[in-house]
Each structure stands twice: as C-alpha cells, then as structure tokens.
Amino acid sequence: MQVALDNVPAVAQLPHQGGILRWIRTTNHKDIGTLYLWFSISMFLVGGLMALTIRAELFKPGLQIVRPEFFNQLTSMHGLVMIFLAIMPAFVGFANWQLPLMLGAPDMAFPRLNNLSFWLLPFAAVLLVASFFAPGGATAAGWTLYAPLSVQMGPGMDMAIFAIHILGISSIIGGLNIIVTILNMRAPGMTLFKMPMFAWTWLVTAALLITIMPVLAGTVTMLLFDRHFGTHFFDAAGGGDPVLFQHLFWFFGHPEVYVLILPAFGIVSAVIPTFSRKPLFGLRSMVAATVGIGVVATAVWAHHMFTVGMPVAAQLFFMYTTLLVAVPTGVKVFNWLATMWQGSLTFETPMLFAIGFLFVFTIGGLTGVILAIAPVDIQLHQTYYIVAHFHYTMVASSLFGLFAGTYYWLPKWTGHMYDEKLGQWHFWLTLSFFNLTFIPMFFLGLAGMPRRIPDYALQFTDLNALASIGAFGFGLTQLLFAYIVIKCIRGGERATAQVWEGAKGLEWTVPSPAPHHTFSTPPVVE
Amino acid sequence: MCRETDMTELARKIAVSALLQPALAFAAGEPSFGLQPPQTFIARQIYDLHAVVLSICIVIAAVVFGLMFYSIVRFRKTAGREAKQFHSNTALEIAWTVIPCLIVAGLAYPATKTVIEMKDTTNPDMTIKITGYQWKWRYTYVDDGIDFYSSLSTPRDQIENEAPKGEHYLLEVDHPLVVPVGKKIRILTTADDVIHSWFVPALAVKQDAIPGFVRDSWFKVDAPGIYRGACTELCGKEHGFMPVVVEAMPEKDYQDWVADQHSKSAAAATAPQ
C-alpha cells in the first residue's frame, strides 16, 4: 500500500474537492479527525446546556424551572450525549489525527470505513436529540436505561435504542480500524515497545470497545423486544429478571468508563515527558498497567450493583477485583510523577492541563477506592457522592486529557500557536470552577442526598447553590476554549515543525501544519 | 472608636465563619460535611470503615500531591534545571506495585467482615415486608398483621414555591414505618412496578426493591428517634418525592402502637361501608 501511494502523482494528493463534498467524501484521516473533533465540540455544547439546566433547577429547593419528568429526561440525555456523542468522538478524533502521524503511517488502515464510522454519528445524534420532541419526550430512565423503568418509556426510548445501535456500529468499525492501523501500519523499525503510549492506550481501548459494544447492542435489543415484541427478558411476570439487565448493562458500562479514560492516559503520557524534557518513566510497566486495567475492567462490573442483593460471595468477588484496579492505576500515577522528577519543567497550557489531570484523577481514583469497599458503597450508592466521583474521573480527567491534547497538538494541526495567555486563563478557570462544582457534591452524597432528583430537602440547600454557581462558571469558561481554538485556526504566531522544545516522536518531524498527506514514504525508526 | 471595634468584631466573625466554620463542622462530624451519625451496629461499622479508608486516601493523596508540588517548585527549567535522563528503576517500580497491593488487602479484611454481617439476616425478632410502588411505600408487618401505605406528606404548594417550606420538607410521610428499638428487624423488599431502593442513611440500610423478586436486609436501631431517608433508585417522575421515614420507639410504646393499629383496623372492618 505504501509503495502504491508513492506512485500517485503529487497533485492527486491535494484536497482539490472544495466545499461540503470534500467533508462528506473524505477518506483522509486528518479531515475525518477534524470532523470528529468539531462534532464533539458541538455535542459538548448540547450536553452542557442540559447540565446547566439541571444545575439551574437545583440552585434552590422547590420546582422552579423544569417539571420532574423533563428533569429526568435531562439527566438521562446529558449522560448519553456526553458519553457517546462528546467524549468518545473526541478521543476518536485524536486517534484519527494522531495515530497515523505518530506511527508513521500514510493514513488509517481502512479509510472508507473510517469515513463511514464518522458519518454514522450525525444520524445517531439527530435521532437521539430529536427524541425530546417525540410523544412523551426523550428517555427518562437514566443513561443506564434500567428495565423495567425503560420499558415504561414512550417512543423516545426507541429512538435512543436505535441511536445506540448506530453508535455501536460506528464504535466497532472505528475500533477495528484503530487496532488494524496500530498492528499493521507502523513504520519499519517501530516495534510495539517503541510506539508511543497513546497508541498503546488506544490499542487497549479499541479492544475493549469491540468487546463491549456488541453486548450493549444486544442488551438494548432485548429491551426493544420486551417493549414491542412481547418477550420477557427483564420482566419477572414472564419469567425474566430485571437484574439481568443490570448485569448485561454494566458488563458494557464499566469497561466503558475505561474507554473514556485510557486515551486520556495516552495523551498525558505524551505531554508530561515533553514538558519535563525527559523520557516517559517505566514504559513497560505503563504498558502492563494499561493492559492490566483493560483486563480487570471486564471483571468488576457488579460493583455498580451492591444494593441489588447479590450473594455474599459475589459481593466479595467484585469488591476484591475492584480494589485490584487501584494497583495498576497507582503504578500509572507514580510513573507520571517519576517522569516529572528531576526533569526540567515548563508550564505551557498542555502541561498545566496534564498536571491538572493528575490532580483531579488522583481524587477521582482515591474516591474510587473508598467506593470499592462494598459496605461503604452501599451507603453512598445512588447519592451525589457517586456523581462527584465519576465526574472527577470523566469530566475532569477525560476532559483535562482532551484539553491537554488539544493545546499540545493544535499548533501541529493548524500551523499556528494558540494564545498562551488565554490558554492559561482557560486552565485556571476550568480547574477552579470544576472543583467548586463537584467538591460540594461529595459532601451532599455523604449527607445522604440521592442523585437524579429535581428537588431536595432543606439541609442540602447551601452546597447545591455552590455547585450550581461552579457549574455555570465551568460552562461559560468553555466558551473561552472555543474562542481560543477558533482564534488559533484563523491565525497566530507560526508554529515550527518541532513546536515544543522537548517534544519527541514522528509527528514532530512533519511540517506544521501537517500537510494533507504525510508519510507517503514510510519513515525508518532506529 | 466604638464603631471601629464593632467593625473589627464583625470582620472577625465573618472571617471565622467563612474560613473556620467548614473546618470546625468537619471536625465535629456535623451531618452536612460527613456521613450522618450512625444509629445501628452496621452503620457504625460503615462509619468507621469510611473514616479509615478516607484517612488512608488522604495520606496517599498527600504523598502524591506532595511529590507533584515538590517537582513543580524544584525542577523548573526557569530555575536552570537540567533534566536527568533516567527512565526506569526496578526496585522503585516493584515497591509501588507491592505496597498498594498490601494496602488494598488490608482494607479488604475489615470490609469483608462487614459484608458478611450485613448479609446475616438470620434469627430476626420481627420481619417487615416493604413494597415499592410508583410513588409510595407499603409496609406489611408479617408477624403482627399490620399493613399500610406510606407516602409523601409535604403539601404540593411548598414544592411549587407557593408556601414556605417546612422543617422536614420532602422528608416527611403520612404514616412512618414504626419499629421497636433494640430488636433485629429483617426487611423483605420487593416492588410492584419498577425498581425502587429503600434507603435510610443513619441506619445504613439501602436495599433495592425489585419487581418479582424478594431481597432481604436487616437493622437494629440503637435509640428511639425519627430517621429519614428516600428512594434511591430512579423510578420515574416522582422519584424525588418518595421519602422513607422510620420511627423507632421503646418496645412498650411499640406494643401500644401495635394494639392501636389493631383496634383501628377492627373498627374499620366493622364500620358500615
């Protein structure tokens, strides 16, 4: 393939199709990466608007802005949109842009499938968001879609199920494409242990994706059958079991949270060495930890279900496996710290977000250890403590990873440096408002405030007001991010090929902005 | 002069309340900054478990953040630091793999004991069946033959902000679950429509109520009092409006309450329809 590409006349490699058709028909990994990233930013806005409506309602006790049924639709859709349409596509966008550049490949392994896996997304997004206008509104059964509540929902639920089917197909195709690219398209001389951590984390992520997405697709299909075709998979009256739904869902759902965090590990593992001017500490243990997390991730799912009344042996098994996750996770954190140790550190925006990641991820991880203790989990399950915990791992850690990666590679993508001063402002505001939003939620959860409620008892008033103020600050700050990105695309100081003094890797050997086609002749890695 | 003293006093008060109040409240274990004061044997175990794990996590966080901030301050390029190009240290890597293993094993031991005790629903003094409905609870006293529904008693106009909210806003019901103190009470949970979850924080009981299945849990309340909680499994539109209230009273008062319930139901049975 690489030989064949070399023979193509240079002119054929230019993006000569203008306008919208270029974007619809493109098979270029950089174009598709860009599409994924813009799609993701627009969905962050949609999901963020839902979050702010939720926080506005919860600013004080009583019902003032939305009705309870719409509130439940908002919490459910906020989760679905953020997970499936914002965070996942963002990381796939990074994979598209960066994997070929980092591996020295001319493109992804299956460029046409790549196009398909992106263009499925807008249809799923329209279907999901349009379900708000279906009779009875969008699904209000939580993003977890627990049966039998989800069996009660109106047609909005069916639209969500079909959207999940489409998204699942997109993820499976994308995952296969990424695995084949990583395994088969590396430049000559780039052994598995010479490839960047970002490729490793994506390899494990993609393996998880093709393991779990079919399970989710099957689960929601069973739900669809229960809703319309008279089956009773999750209906005790017909011999089914509602708890079966939870087992199937969380077999998908728990690895899914690692899908949302592992690529962020990869980004941070690229950023910290660059700005420490040192190689990544413990590459092999980092790889082992990543694979270890991926494997253990498939055997911890029922820790989401400690209150369903499982037998003692099952509770203990899932408690032990969950505690085990702390070990490889700890290895990673210590490796990052050791990478910074005795380095020559500078604090440009990508590094700030990487260190911010380390900070919030440690809090998210340690509260995860607290929750792994089954009796404590039973006390905190379905309270705001859980909301705080998973937002520390997902919003903060995944999002901080995404921001670190964006500032890190934006000069490579656009050919311009972003506005460093605004970037620093973005970081400090994001970090402050994030913590203002979610630290109160830990205390709310400890005090016993349940999640997914539109109204609450009076002792929770002050902390909720604080969280709402933080949320609005956090949301508005992200408009600054959009402004910084657009400003960087439109102009700014010209970026060199190297961009960052300490940056290592193949992506820094191509000019900035990266030409439309790169590595048509594969580089040779020593 | 006098005014100035007042102002300093005021400033001092504001400073104290803004800075110290959360810290003091935290130290005093005030409910809004920690777990609610535990009222059962299991709740105390969970309270202590949480305190132990939290302390260990705070120590770990202190180490991680300590190293992080030390690196940030010490190893700056602007301070003329040259990077040392090392990338592995086997002894160190083994240490930070083995030590966390030991820590989690140490945590697993007491937690396992509590899990087993929580699951031990044998030899109860009495059994109550709890059924979740959209959106109320039904309490069936299996031994005493008492059966009633319990639903939110907060008036609608308080929820709609048309009346001032009462002290126990959203945490009050028409008929609380009445139990004797010092007795092992086994609860059987089930549901009629969708999954609910019966949660009383101070008693450390949270048991899902699953339609078509019966699960069990237990509690033994230490002291008389009214303990408030809520449904914690999303169960539809009124999920936020289905509180749980448990009234624990001395055995004698409980027996009086049982007799009272029996006479009421007898009166209802003989009353002309």
# chains A, B, ... in the order shown; residues from 1 in each chain; ligands from 1
$ residues_around --residues "A:Thr139" --least-positions-apart "2" --cutoff "9 Å" --atoms "only C-alpha atoms" --output "PyMOL selection string"
chain A and resi 72-74+76-77+131-132+136-137+141-143+145+150+153-160
$ closest_atom_pairs --of "stretch 87-146 of chain B" --to "stretch 168-176 of chain B" --cutoff "12 Å" --atoms "only C-alpha atoms" --output "tab-separated table"
residue	atom	partner	partner_atom	distance
B:Trp135	CA	B:Val173	CA	12.0
B:Lys136	CA	B:Val173	CA	9.5
B:Trp137	CA	B:Pro176	CA	9.7
B:Arg138	CA	B:His175	CA	9.8
B:Tyr139	CA	B:Pro176	CA	9.1
$ closest_residue --among "B:Met126, B:Leu188, B:Ile210, B:Ala223" --to "chain A" --atoms "only C-alpha atoms"
B:Ile210
$ residues_around --residues "stretch 264-281 of chain A" --least-positions-apart "6" --cutoff "9 Å" --atoms "only C-alpha atoms" --output "ChimeraX atom specification"
/A:91,196-202,290,332,335-348,350-351,353-355,357-358,397-402,404-405,408,500-504 /B:75-77,82-89
$ residues_around --residues "B:Glu160" --least-positions-apart "2" --cutoff "12 Å" --atoms "only C-alpha atoms" --output "PyMOL selection string"
(chain A and resi 60-68+454-455) or (chain B and resi 154-158+162-165)
